[in-house]
$ cat structure-v8.cif   # mmCIF, C-alpha atoms
data_final
#
loop_
_atom_site.label_atom_id
_atom_site.label_comp_id
_atom_site.auth_asym_id
_atom_site.auth_seq_id
_atom_site.Cartn_x
_atom_site.Cartn_y
_atom_site.Cartn_z
CA MET E 73 105.51 97.85 107.13
CA SER E 74 102.28 97.09 108.89
CA LEU E 75 100.54 98.94 111.69
CA VAL E 76 97.81 98.06 114.16
CA PHE E 77 95.20 100.55 115.35
CA ARG E 78 92.46 100.41 117.94
CA VAL E 79 89.51 102.72 117.39
CA PRO E 80 88.10 104.04 120.68
CA PRO E 81 84.35 104.37 121.33
CA ASP E 82 82.14 107.12 119.94
CA VAL E 83 84.39 108.43 117.21
CA GLU E 84 83.55 108.70 113.54
CA VAL E 85 85.56 105.85 112.03
CA MET E 86 86.55 107.34 108.66
CA GLN E 87 87.86 110.53 110.29
CA PHE E 88 89.65 108.65 113.05
CA LEU E 89 91.42 106.19 110.75
CA LYS E 90 92.40 108.92 108.30
CA ARG E 91 94.01 110.91 111.12
CA ALA E 92 95.67 107.84 112.67
CA LEU E 93 97.20 106.84 109.33
CA ALA E 94 98.39 110.40 108.71
CA GLU E 95 100.02 110.55 112.15
CA ALA E 96 101.75 107.22 111.46
CA GLY E 97 102.94 108.52 108.09
CA LEU E 98 101.27 105.72 106.16
CA LYS E 99 100.05 107.20 102.88
CA SER E 100 99.55 104.16 100.67
CA GLY E 101 98.33 100.77 101.73
CA PHE E 102 95.48 98.42 102.48
CA LEU E 103 93.49 97.93 105.67
CA ILE E 104 91.73 94.98 107.21
CA GLY E 105 89.71 95.04 110.38
CA LEU E 106 86.98 93.76 112.63
CA GLY E 107 84.98 94.97 115.61
CA SER E 108 81.68 96.58 116.37
CA LEU E 109 79.94 99.83 115.40
CA LYS E 110 77.11 101.70 117.11
CA THR E 111 75.70 103.01 113.84
CA ALA E 112 76.83 103.02 110.23
CA ARG E 113 75.96 104.63 106.94
CA ILE E 114 76.78 102.32 104.04
CA ALA E 115 76.29 102.88 100.33
CA TRP E 116 75.79 101.09 97.04
CA TYR E 117 77.22 102.67 93.92
CA ASP E 118 74.73 103.17 91.11
CA GLN E 119 77.04 102.49 88.16
CA THR E 120 74.55 103.86 85.62
CA ASN E 121 73.75 107.15 87.32
CA LYS E 122 77.20 107.45 88.92
CA LYS E 123 76.05 108.21 92.44
CA TYR E 124 75.94 106.47 95.79
CA ILE E 125 72.64 105.29 97.28
CA GLU E 126 72.96 105.39 101.05
CA LYS E 127 71.46 103.30 103.84
CA GLU E 128 71.54 104.00 107.57
CA LEU E 129 72.01 101.12 110.02
CA GLU E 130 71.50 101.30 113.77
CA GLY E 131 71.18 99.21 116.90
CA GLY E 132 74.75 97.94 117.18
CA LEU E 133 76.53 96.10 114.39
CA GLU E 134 79.30 93.54 114.25
CA VAL E 135 81.98 94.56 111.76
CA ALA E 136 82.47 91.09 110.33
CA SER E 137 84.79 92.43 107.66
CA LEU E 138 86.46 95.75 106.98
CA THR E 139 88.56 96.05 103.83
CA GLY E 140 89.96 99.31 102.59
CA ASN E 141 92.86 101.33 101.39
CA ILE E 142 94.58 104.66 101.73
CA ALA E 143 95.90 106.49 98.66
CA LEU E 144 96.64 110.00 97.50
CA LYS E 145 93.93 112.04 95.81
CA ASP E 146 95.04 115.51 94.70
CA GLY E 147 98.06 115.04 96.96
CA GLU E 148 95.93 114.40 100.05
CA PRO E 149 95.38 111.03 101.79
CA PHE E 150 92.06 109.53 100.76
CA LEU E 151 90.53 106.62 102.64
CA HIS E 152 88.30 104.06 100.92
CA ILE E 153 86.59 101.40 103.05
CA HIS E 154 84.03 98.65 102.44
CA VAL E 155 82.39 96.70 105.24
CA VAL E 156 80.21 93.72 106.00
CA LEU E 157 78.06 94.30 109.06
CA GLY E 158 76.00 91.87 111.10
CA ASP E 159 72.87 92.62 113.12
CA ARG E 160 71.35 90.89 116.17
CA GLU E 161 69.91 88.08 114.02
CA GLY E 162 73.23 87.52 112.23
CA ARG E 163 71.89 89.05 109.01
CA ALA E 164 74.61 90.66 106.91
CA TYR E 165 74.71 94.07 105.24
CA ALA E 166 77.45 94.93 102.76
CA GLY E 167 78.62 98.13 101.15
CA HIS E 168 80.85 101.15 100.93
CA LEU E 169 81.39 102.76 104.35
CA VAL E 170 80.25 106.37 104.25
CA SER E 171 80.59 106.90 107.99
CA GLY E 172 80.25 105.00 111.22
CA ILE E 173 80.28 105.58 114.96
CA SER E 174 82.59 103.17 116.73
CA PHE E 175 81.98 100.89 119.66
CA HIS E 176 85.36 99.20 119.16
CA LEU E 177 87.46 98.42 116.08
CA GLU E 178 90.76 96.58 115.54
CA VAL E 179 92.51 97.46 112.29
CA MET E 180 95.74 96.45 110.60
CA ALA E 181 97.22 98.60 107.83
CA ILE E 182 99.66 97.04 105.37
CA GLN E 183 101.82 99.53 103.51
CA SER E 184 101.93 99.38 99.73
CA PRO E 185 105.40 99.02 98.19
CA ARG E 186 104.50 101.82 95.76
CA ILE E 187 102.69 105.11 96.25
CA LEU E 188 99.01 104.74 95.34
CA GLU E 189 97.41 107.71 93.63
CA ARG E 190 93.85 108.31 92.52
CA ARG E 191 92.75 110.23 89.46
CA TYR E 192 89.25 111.11 88.33
CA SER E 193 87.73 108.66 85.85
CA GLU E 194 84.90 109.99 83.69
CA TYR E 195 83.83 106.42 83.00
CA HIS E 196 83.36 105.55 86.67
CA GLY E 197 82.38 108.95 88.05
CA LEU E 198 84.94 108.14 90.75
CA TYR E 199 88.59 108.72 91.62
CA ILE E 200 90.33 105.43 90.83
CA PHE E 201 93.89 104.12 91.10
CA GLU E 202 96.24 105.33 88.34
CA MET R 1047 106.48 87.42 108.72
CA SER R 1048 103.42 85.73 107.33
CA LEU R 1049 102.27 82.13 107.62
CA VAL R 1050 99.77 80.00 105.73
CA PHE R 1051 97.64 77.34 107.40
CA ARG R 1052 95.23 74.75 106.12
CA VAL R 1053 92.53 73.61 108.52
CA PRO R 1054 91.70 69.89 108.09
CA PRO R 1055 88.11 68.57 108.21
CA ASP R 1056 86.10 68.05 111.39
CA VAL R 1057 88.15 70.13 113.78
CA GLU R 1058 86.92 73.02 115.87
CA VAL R 1059 88.37 76.04 114.08
CA MET R 1060 89.12 78.34 117.01
CA GLN R 1061 90.99 75.63 118.90
CA PHE R 1062 92.85 74.46 115.82
CA LEU R 1063 94.04 77.92 114.76
CA LYS R 1064 95.03 78.86 118.29
CA ARG R 1065 97.19 75.74 118.55
CA ALA R 1066 98.65 76.17 115.04
CA LEU R 1067 99.64 79.78 115.77
CA ALA R 1068 101.17 78.76 119.10
CA GLU R 1069 103.20 76.01 117.43
CA ALA R 1070 104.41 78.51 114.82
CA GLY R 1071 105.35 80.96 117.58
CA LEU R 1072 103.11 83.71 116.19
CA LYS R 1073 101.72 85.62 119.18
CA SER R 1074 100.58 88.92 117.66
CA GLY R 1075 99.10 89.43 114.26
CA PHE R 1076 96.10 89.48 111.97
CA LEU R 1077 94.47 86.64 110.06
CA ILE R 1078 92.56 86.46 106.81
CA GLY R 1079 90.97 83.37 105.38
CA LEU R 1080 88.39 81.61 103.26
CA GLY R 1081 86.92 78.15 102.92
CA SER R 1082 83.96 76.18 104.08
CA LEU R 1083 82.52 75.13 107.45
CA LYS R 1084 80.15 72.30 108.34
CA THR R 1085 78.52 74.22 111.18
CA ALA R 1086 79.20 77.50 112.94
CA ARG R 1087 78.15 79.40 116.00
CA ILE R 1088 78.32 83.16 115.43
CA ALA R 1089 77.46 85.99 117.77
CA TRP R 1090 76.37 89.59 117.88
CA TYR R 1091 77.59 91.74 120.74
CA ASP R 1092 74.86 93.50 122.70
CA GLN R 1093 76.69 96.75 123.48
CA THR R 1094 74.10 97.85 126.04
CA ASN R 1095 73.91 94.66 128.07
CA LYS R 1096 77.55 93.71 127.38
CA LYS R 1097 76.93 90.12 126.34
CA TYR R 1098 77.01 88.06 123.17
CA ILE R 1099 73.79 86.83 121.54
CA GLU R 1100 74.57 83.61 119.74
CA LYS R 1101 73.19 81.98 116.62
CA GLU R 1102 73.80 78.44 115.36
CA LEU R 1103 74.20 77.83 111.62
CA GLU R 1104 74.18 74.45 109.92
CA GLY R 1105 74.00 72.71 106.58
CA GLY R 1106 77.38 73.68 105.16
CA LEU R 1107 78.59 77.27 104.88
CA GLU R 1108 80.99 79.09 102.61
CA VAL R 1109 83.44 81.16 104.62
CA ALA R 1110 83.35 84.16 102.30
CA SER R 1111 85.48 86.18 104.69
CA LEU R 1112 87.44 85.42 107.84
CA THR R 1113 89.16 88.32 109.58
CA GLY R 1114 90.80 88.03 112.94
CA ASN R 1115 93.74 88.55 115.16
CA ILE R 1116 95.88 86.93 117.80
CA ALA R 1117 97.02 88.89 120.84
CA LEU R 1118 98.04 88.33 124.43
CA LYS R 1119 95.40 88.34 127.18
CA ASP R 1120 96.79 87.80 130.68
CA GLY R 1121 99.97 86.58 129.01
CA GLU R 1122 98.17 83.87 127.01
CA PRO R 1123 97.43 83.93 123.26
CA PHE R 1124 93.85 84.98 122.61
CA LEU R 1125 92.23 84.52 119.23
CA HIS R 1126 89.52 86.87 117.96
CA ILE R 1127 87.77 86.07 114.67
CA HIS R 1128 84.84 87.51 112.71
CA VAL R 1129 83.33 85.77 109.70
CA VAL R 1130 80.92 86.22 106.85
CA LEU R 1131 79.23 82.95 105.92
CA GLY R 1132 77.14 82.05 102.88
CA ASP R 1133 74.41 79.44 102.67
CA ARG R 1134 73.06 77.41 99.71
CA GLU R 1135 71.06 80.38 98.43
CA GLY R 1136 74.04 82.75 98.68
CA ARG R 1137 72.51 84.54 101.69
CA ALA R 1138 75.13 86.02 104.00
CA TYR R 1139 75.45 85.80 107.79
CA ALA R 1140 77.95 87.96 109.64
CA GLY R 1141 79.29 87.99 113.14
CA HIS R 1142 81.82 87.07 115.78
CA LEU R 1143 82.96 83.44 115.44
CA VAL R 1144 82.26 81.58 118.68
CA SER R 1145 83.10 78.15 117.24
CA GLY R 1146 82.93 76.25 114.00
CA ILE R 1147 83.49 72.77 112.63
CA SER R 1148 85.68 72.81 109.55
CA PHE R 1149 85.17 71.31 106.14
CA HIS R 1150 88.23 73.12 104.79
CA LEU R 1151 89.84 76.47 105.54
CA GLU R 1152 92.79 78.37 104.08
CA VAL R 1153 94.23 81.03 106.38
CA MET R 1154 97.10 83.51 106.20
CA ALA R 1155 98.49 85.07 109.39
CA ILE R 1156 100.40 88.35 109.16
CA GLN R 1157 102.61 89.10 112.13
CA SER R 1158 102.24 92.43 113.89
CA PRO R 1159 105.42 94.52 114.17
CA ARG R 1160 104.57 95.07 117.85
CA ILE R 1161 103.24 92.75 120.55
CA LEU R 1162 99.49 93.12 120.85
CA GLU R 1163 98.05 92.88 124.35
CA ARG R 1164 94.49 92.96 125.59
CA ARG R 1165 93.28 94.48 128.83
CA TYR R 1166 89.78 94.45 130.30
CA SER R 1167 87.69 97.51 129.50
CA GLU R 1168 84.79 98.25 131.84
CA TYR R 1169 83.22 100.41 129.14
CA HIS R 1170 83.12 97.58 126.58
CA GLY R 1171 82.72 94.59 128.87
CA LEU R 1172 85.48 93.08 126.71
CA TYR R 1173 89.23 92.68 126.63
CA ILE R 1174 90.47 95.22 124.09
CA PHE R 1175 93.86 96.22 122.67
CA GLU R 1176 95.99 98.39 124.96
CA MET N 589 106.35 91.29 98.86
CA SER N 590 102.97 92.79 98.22
CA LEU N 591 101.44 94.11 95.02
CA VAL N 592 98.50 96.35 94.22
CA PHE N 593 96.27 95.86 91.18
CA ARG N 594 93.42 97.83 89.69
CA VAL N 595 90.92 95.86 87.62
CA PRO N 596 89.60 97.92 84.67
CA PRO N 597 85.93 97.86 83.62
CA ASP N 598 84.26 95.06 81.70
CA VAL N 599 86.81 92.33 82.19
CA GLU N 600 86.20 88.92 83.70
CA VAL N 601 87.79 89.25 87.13
CA MET N 602 89.17 85.72 87.65
CA GLN N 603 90.90 85.72 84.26
CA PHE N 604 92.22 89.25 84.71
CA LEU N 605 93.68 88.67 88.18
CA LYS N 606 95.21 85.34 87.18
CA ARG N 607 96.98 87.00 84.25
CA ALA N 608 98.05 90.04 86.31
CA LEU N 609 99.55 87.83 89.03
CA ALA N 610 101.33 85.70 86.43
CA GLU N 611 102.80 88.82 84.79
CA ALA N 612 103.99 90.04 88.20
CA GLY N 613 105.52 86.64 88.90
CA LEU N 614 103.49 86.12 92.06
CA LYS N 615 102.70 82.41 92.28
CA SER N 616 101.81 81.91 95.94
CA GLY N 617 100.00 84.33 98.16
CA PHE N 618 96.78 85.76 99.48
CA LEU N 619 94.59 88.53 98.05
CA ILE N 620 92.29 91.08 99.60
CA GLY N 621 90.18 93.56 97.71
CA LEU N 622 87.17 95.79 97.36
CA GLY N 623 85.27 97.55 94.60
CA SER N 624 82.25 97.02 92.45
CA LEU N 625 81.11 94.40 89.92
CA LYS N 626 78.54 94.63 87.15
CA THR N 627 77.51 90.98 87.47
CA ALA N 628 78.80 87.99 89.40
CA ARG N 629 78.35 84.25 89.56
CA ILE N 630 78.91 82.95 93.07
CA ALA N 631 78.69 79.43 94.39
CA TRP N 632 78.05 77.39 97.51
CA TYR N 633 79.85 74.10 97.89
CA ASP N 634 77.62 71.12 98.55
CA GLN N 635 79.90 69.16 100.90
CA THR N 636 77.81 66.02 100.68
CA ASN N 637 77.48 65.79 96.91
CA LYS N 638 80.85 67.45 96.27
CA LYS N 639 79.70 69.97 93.73
CA TYR N 640 79.14 73.72 93.52
CA ILE N 641 75.62 75.16 93.41
CA GLU N 642 75.79 78.43 91.48
CA LYS N 643 73.85 81.67 91.70
CA GLU N 644 73.87 84.57 89.25
CA LEU N 645 73.75 88.15 90.57
CA GLU N 646 73.10 91.25 88.48
CA GLY N 647 72.31 94.92 88.66
CA GLY N 648 75.60 96.23 90.05
CA LEU N 649 77.18 94.91 93.24
CA GLU N 650 79.50 96.37 95.84
CA VAL N 651 82.41 94.05 96.52
CA ALA N 652 82.41 94.55 100.28
CA SER N 653 85.04 91.89 100.73
CA LEU N 654 87.24 89.88 98.42
CA THR N 655 89.52 87.25 99.98
CA GLY N 656 91.49 84.78 97.97
CA ASN N 657 94.72 83.11 97.19
CA ILE N 658 96.95 81.98 94.36
CA ALA N 659 98.68 78.60 94.49
CA LEU N 660 100.05 75.97 92.15
CA LYS N 661 97.79 73.18 90.91
CA ASP N 662 99.52 70.67 88.65
CA GLY N 663 102.31 73.22 88.27
CA GLU N 664 99.96 75.94 87.02
CA PRO N 665 98.79 79.02 88.98
CA PHE N 666 95.31 78.46 90.37
CA LEU N 667 93.24 81.33 91.75
CA HIS N 668 90.70 80.82 94.53
CA ILE N 669 88.48 83.75 95.56
CA HIS N 670 85.53 84.25 97.91
CA VAL N 671 83.46 87.43 97.99
CA VAL N 672 80.81 89.26 99.91
CA LEU N 673 78.63 91.37 97.61
CA GLY N 674 76.10 94.07 98.44
CA ASP N 675 73.07 95.07 96.42
CA ARG N 676 71.14 98.37 96.20
CA GLU N 677 69.35 97.70 99.49
CA GLY N 678 72.60 96.82 101.28
CA ARG N 679 71.69 93.13 101.41
CA ALA N 680 74.72 90.85 101.40
CA TYR N 681 75.47 87.75 99.32
CA ALA N 682 78.42 85.54 100.14
CA GLY N 683 80.17 82.72 98.35
CA HIS N 684 82.88 81.34 96.13
CA LEU N 685 83.52 83.58 93.11
CA VAL N 686 82.99 81.59 89.92
CA SER N 687 83.24 84.63 87.64
CA GLY N 688 82.45 88.31 87.63
CA ILE N 689 82.41 91.26 85.25
CA SER N 690 84.20 94.25 86.73
CA PHE N 691 83.11 97.81 87.16
CA HIS N 692 86.18 98.61 89.27
CA LEU N 693 88.25 96.59 91.71
CA GLU N 694 91.21 97.40 93.96
CA VAL N 695 93.24 94.38 95.03
CA MET N 696 96.34 93.79 97.15
CA ALA N 697 98.27 90.54 96.84
CA ILE N 698 100.54 89.46 99.71
CA GLN N 699 103.16 86.90 98.77
CA SER N 700 103.42 83.72 100.79
CA PRO N 701 106.83 82.99 102.30
CA ARG N 702 106.53 79.42 101.00
CA ILE N 703 105.25 78.01 97.70
CA LEU N 704 101.62 76.96 98.04
CA GLU N 705 100.60 73.83 96.14
CA ARG N 706 97.24 72.16 95.76
CA ARG N 707 96.62 68.43 95.51
CA TYR N 708 93.35 66.60 94.91
CA SER N 709 91.57 65.45 98.05
CA GLU N 710 89.11 62.60 97.65
CA TYR N 711 87.48 63.61 100.93
CA HIS N 712 86.73 67.16 99.78
CA GLY N 713 86.25 66.59 96.07
CA LEU N 714 88.51 69.63 95.70
CA TYR N 715 92.16 70.52 95.23
CA ILE N 716 93.37 71.66 98.65
CA PHE N 717 96.66 72.95 100.06
CA GLU N 718 99.29 70.30 100.70
#
$ encode --input "structure-v8.cif" --output "structure tokens"
Amino acid sequence: MSLVFRVPPDVEVMQFLKRALAEAGLKSGFLIGLGSLKTARIAWYDQTNKKYIEKELEGGLEVASLTGNIALKDGEPFLHIHVVLGDREGRAYAGHLVSGISFHLEVMAIQSPRILERRYSEYHGLYIFE
Amino acid sequence: MSLVFRVPPDVEVMQFLKRALAEAGLKSGFLIGLGSLKTARIAWYDQTNKKYIEKELEGGLEVASLTGNIALKDGEPFLHIHVVLGDREGRAYAGHLVSGISFHLEVMAIQSPRILERRYSEYHGLYIFE
Amino acid sequence: MSLVFRVPPDVEVMQFLKRALAEAGLKSGFLIGLGSLKTARIAWYDQTNKKYIEKELEGGLEVASLTGNIALKDGEPFLHIHVVLGDREGRAYAGHLVSGISFHLEVMAIQSPRILERRYSEYHGLYIFE
């Protein structure tokens, strides 16, 4: 099963996609997408100190690539998305998507044949696939 | 249904993929791909003034990511592609693909379970999914 | 058919994915993924001189996009992957993945409906899809 979503303007993307996937009943799968954001907060994971370092981007951004997945974490759907964003000069920014305000996004979700579940990993300091 | 395409050298990528998808009868779906371009014209969408700002890239470019879709616009197939390109130093450029001359591209198209149609949105200044 | 893989820490990603796909019996298809690498060696293809120019990246990198495929080359599975990586400042690097040491990666493989085979192309100096 695959599904296609359009994200309307001025919504927070992570919240919107999480709700849209829940309404469609898709609990485990991968996402790809493209479009444009008004602002975005991306992050780089500090593997040594096990915490995200965040960066705020503004001024309108092409979403040149959106790759993510939905899985269960403590029984609840958990969305994980990475993006590559482009600015006015075509410069690219890449990272984990913390949050973003949409201008317009087009997303396809591809269901996983098996249920994906996350469990806490001491090593990573993150919830990872079982 | 999914399809795999190879783009031969020295063709304009948007035109080639549009024709290849039409010949395969795939009218609604998403595309992913990778490869290498000789030159590319990418763009950033100015959300305020509702127009694309273009940038020309030359000298050979890795297509590190190609994400796109095919949908109907006024009954005709319309291709929408975003790319992330890498230059000799590994620097990345990201944006909307206006046009590109191929060296070699490998693309998979994944059909959408429903027909995707675009309609003009005054808000965006673009044709977006219904 | 689609499959989901998790790449554990401290393995060489190309070797690991090649083995995981072989064990799953998936010989022809595309891959998408996201995660984080400890180090990576990416490359840009010099189309004129037909050789890869490599670049080493360190210090922990977000895998903002991973796009690739698996195909047969001389009867053996051959993995081809491009990535977009992000550093601490959110700067993006893009290219062909030569090798990488994992922190954590999440990958989906989508099987191709037809067997993909590569053959040497004099023009490209590369093995490309038939």
$ interface_residues --input "structure-v8.cif" --of "chain E" --to "chain R" --cutoff "9 Å" --atoms "all atoms listed in the file" --output "PyMOL selection string"
chain E and resi 73-78+81+104-108+110+131-138+156-165+175-176+178-180
$ atom_distance --input "structure-v8.cif" --atom1 "atom CA of Glu95 of chain E" --atom2 "atom CA of Pro149 of chain E"
11.4 Å
$ axis_aligned_box --input "structure-v8.cif" --around "segment 74-93 of chain E" --padding-each-side "8 Å" --output "lines of an AutoDock Vina configuration file"
center_x = 92.2
center_y = 104.0
center_z = 114.8
size_x = 36.1
size_y = 29.8
size_z = 29.0
$ resolve_selection --input "structure-v8.cif" --expression "the PyMOL selection byres ((chain E and resi 146) around 10)" --output "ChimeraX atom specification"
/E:143-145,147-150,189-192,199
$ residues_around --input "structure-v8.cif" --residues "Gln87 of chain E" --least-positions-apart "6" --cutoff "10 Å" --atoms "only C-alpha atoms" --output "PyMOL selection string"
chain E and resi 151+171-172
$ write_last_selection --input "structure-v8.cif" --atoms "C-alpha atoms" --output "mmCIF file, in the frame of the given file"
data_model
loop_
_atom_site.group_PDB
_atom_site.id
_atom_site.type_symbol
_atom_site.label_atom_id
_atom_site.label_comp_id
_atom_site.auth_asym_id
_atom_site.auth_seq_id
_atom_site.Cartn_x
_atom_site.Cartn_y
_atom_site.Cartn_z
ATOM 1 C CA LEU E 151 90.530 106.620 102.640
ATOM 2 C CA SER E 171 80.590 106.900 107.990
ATOM 3 C CA GLY E 172 80.250 105.000 111.220
#
$ resolve_selection --input "structure-v8.cif" --expression "the PyMOL selection byres ((chain N and resi 601) around 7)" --output "list in words"
Val599, Glu600, Met602, Gln603, Phe604, Leu605, Ser687, Gly688, Ile689 and Ser690 of chain N
$ atom_distance --input "structure-v8.cif" --atom1 "atom CA of Asn1095 of chain R" --atom2 "atom CA of Ile1116 of chain R"
25.5 Å
$ atom_distance --input "structure-v8.cif" --atom1 "atom CA of Val1144 of chain R" --atom2 "atom CA of Lys638 of chain N"
26.5 Å
$ build_atoms --input "structure-v8.cif" --residues "segment 1084-1092 of chain R" --atoms "all heavy atoms" --output "short mmCIF file (atom, residue, chain, number, x, y, z; two decimals), in the coordinates of the input"
data_model
loop_
_atom_site.label_atom_id
_atom_site.label_comp_id
_atom_site.auth_asym_id
_atom_site.auth_seq_id
_atom_site.Cartn_x
_atom_site.Cartn_y
_atom_site.Cartn_z
N LYS R 1084 81.31 73.19 108.25
CA LYS R 1084 80.15 72.30 108.34
C LYS R 1084 79.06 72.98 109.17
O LYS R 1084 77.90 73.02 108.79
CB LYS R 1084 80.57 70.96 108.94
CG LYS R 1084 81.52 70.20 108.01
CD LYS R 1084 81.83 68.80 108.49
CE LYS R 1084 82.64 68.07 107.43
NZ LYS R 1084 82.88 66.66 107.77
N THR R 1085 79.45 73.49 110.32
CA THR R 1085 78.52 74.22 111.18
C THR R 1085 79.29 75.39 111.81
O THR R 1085 80.52 75.37 111.86
CB THR R 1085 77.99 73.34 112.33
OG1 THR R 1085 79.10 72.95 113.14
CG2 THR R 1085 77.28 72.10 111.81
N ALA R 1086 78.55 76.37 112.29
CA ALA R 1086 79.20 77.50 112.94
C ALA R 1086 78.28 78.10 113.99
O ALA R 1086 77.05 78.06 113.86
CB ALA R 1086 79.56 78.57 111.92
N ARG R 1087 78.87 78.63 115.00
CA ARG R 1087 78.15 79.40 116.00
C ARG R 1087 78.72 80.82 115.93
O ARG R 1087 79.90 81.04 116.20
CB ARG R 1087 78.35 78.80 117.39
CG ARG R 1087 77.57 79.48 118.50
CD ARG R 1087 77.66 78.71 119.82
NE ARG R 1087 76.82 77.53 119.81
CZ ARG R 1087 75.53 77.52 120.14
NH1 ARG R 1087 74.94 78.64 120.56
NH2 ARG R 1087 74.84 76.42 120.10
N ILE R 1088 77.87 81.77 115.51
CA ILE R 1088 78.32 83.16 115.43
C ILE R 1088 77.59 83.98 116.49
O ILE R 1088 76.58 83.52 117.05
CB ILE R 1088 78.13 83.77 114.03
CG1 ILE R 1088 76.65 83.85 113.63
CG2 ILE R 1088 78.93 83.00 112.99
CD1 ILE R 1088 76.40 84.64 112.35
N ALA R 1089 78.09 85.18 116.74
CA ALA R 1089 77.46 85.99 117.77
C ALA R 1089 77.48 87.47 117.42
O ALA R 1089 78.31 87.94 116.64
CB ALA R 1089 78.17 85.77 119.11
N TRP R 1090 76.52 88.15 118.00
CA TRP R 1090 76.37 89.59 117.88
C TRP R 1090 76.53 90.14 119.29
O TRP R 1090 75.97 89.60 120.24
CB TRP R 1090 74.97 89.90 117.34
CG TRP R 1090 74.57 91.35 117.33
CD1 TRP R 1090 74.86 92.28 116.38
CD2 TRP R 1090 73.78 92.03 118.32
NE1 TRP R 1090 74.31 93.48 116.70
CE2 TRP R 1090 73.64 93.36 117.89
CE3 TRP R 1090 73.17 91.64 119.52
CZ2 TRP R 1090 72.91 94.31 118.62
CZ3 TRP R 1090 72.47 92.59 120.24
CH2 TRP R 1090 72.34 93.91 119.79
N TYR R 1091 77.34 91.20 119.41
CA TYR R 1091 77.59 91.74 120.74
C TYR R 1091 76.55 92.80 121.10
O TYR R 1091 76.39 93.79 120.38
CB TYR R 1091 78.99 92.36 120.83
CG TYR R 1091 79.40 92.64 122.26
CD1 TYR R 1091 79.62 91.60 123.15
CD2 TYR R 1091 79.56 93.94 122.71
CE1 TYR R 1091 79.99 91.85 124.47
CE2 TYR R 1091 79.93 94.19 124.03
CZ TYR R 1091 80.14 93.14 124.89
OH TYR R 1091 80.51 93.38 126.19
N ASP R 1092 75.85 92.56 122.19
CA ASP R 1092 74.86 93.50 122.70
C ASP R 1092 75.62 94.55 123.51
O ASP R 1092 76.03 94.30 124.64
CB ASP R 1092 73.86 92.72 123.58
CG ASP R 1092 72.78 93.62 124.16
OD1 ASP R 1092 73.01 94.84 124.29
OD2 ASP R 1092 71.72 93.08 124.50
#
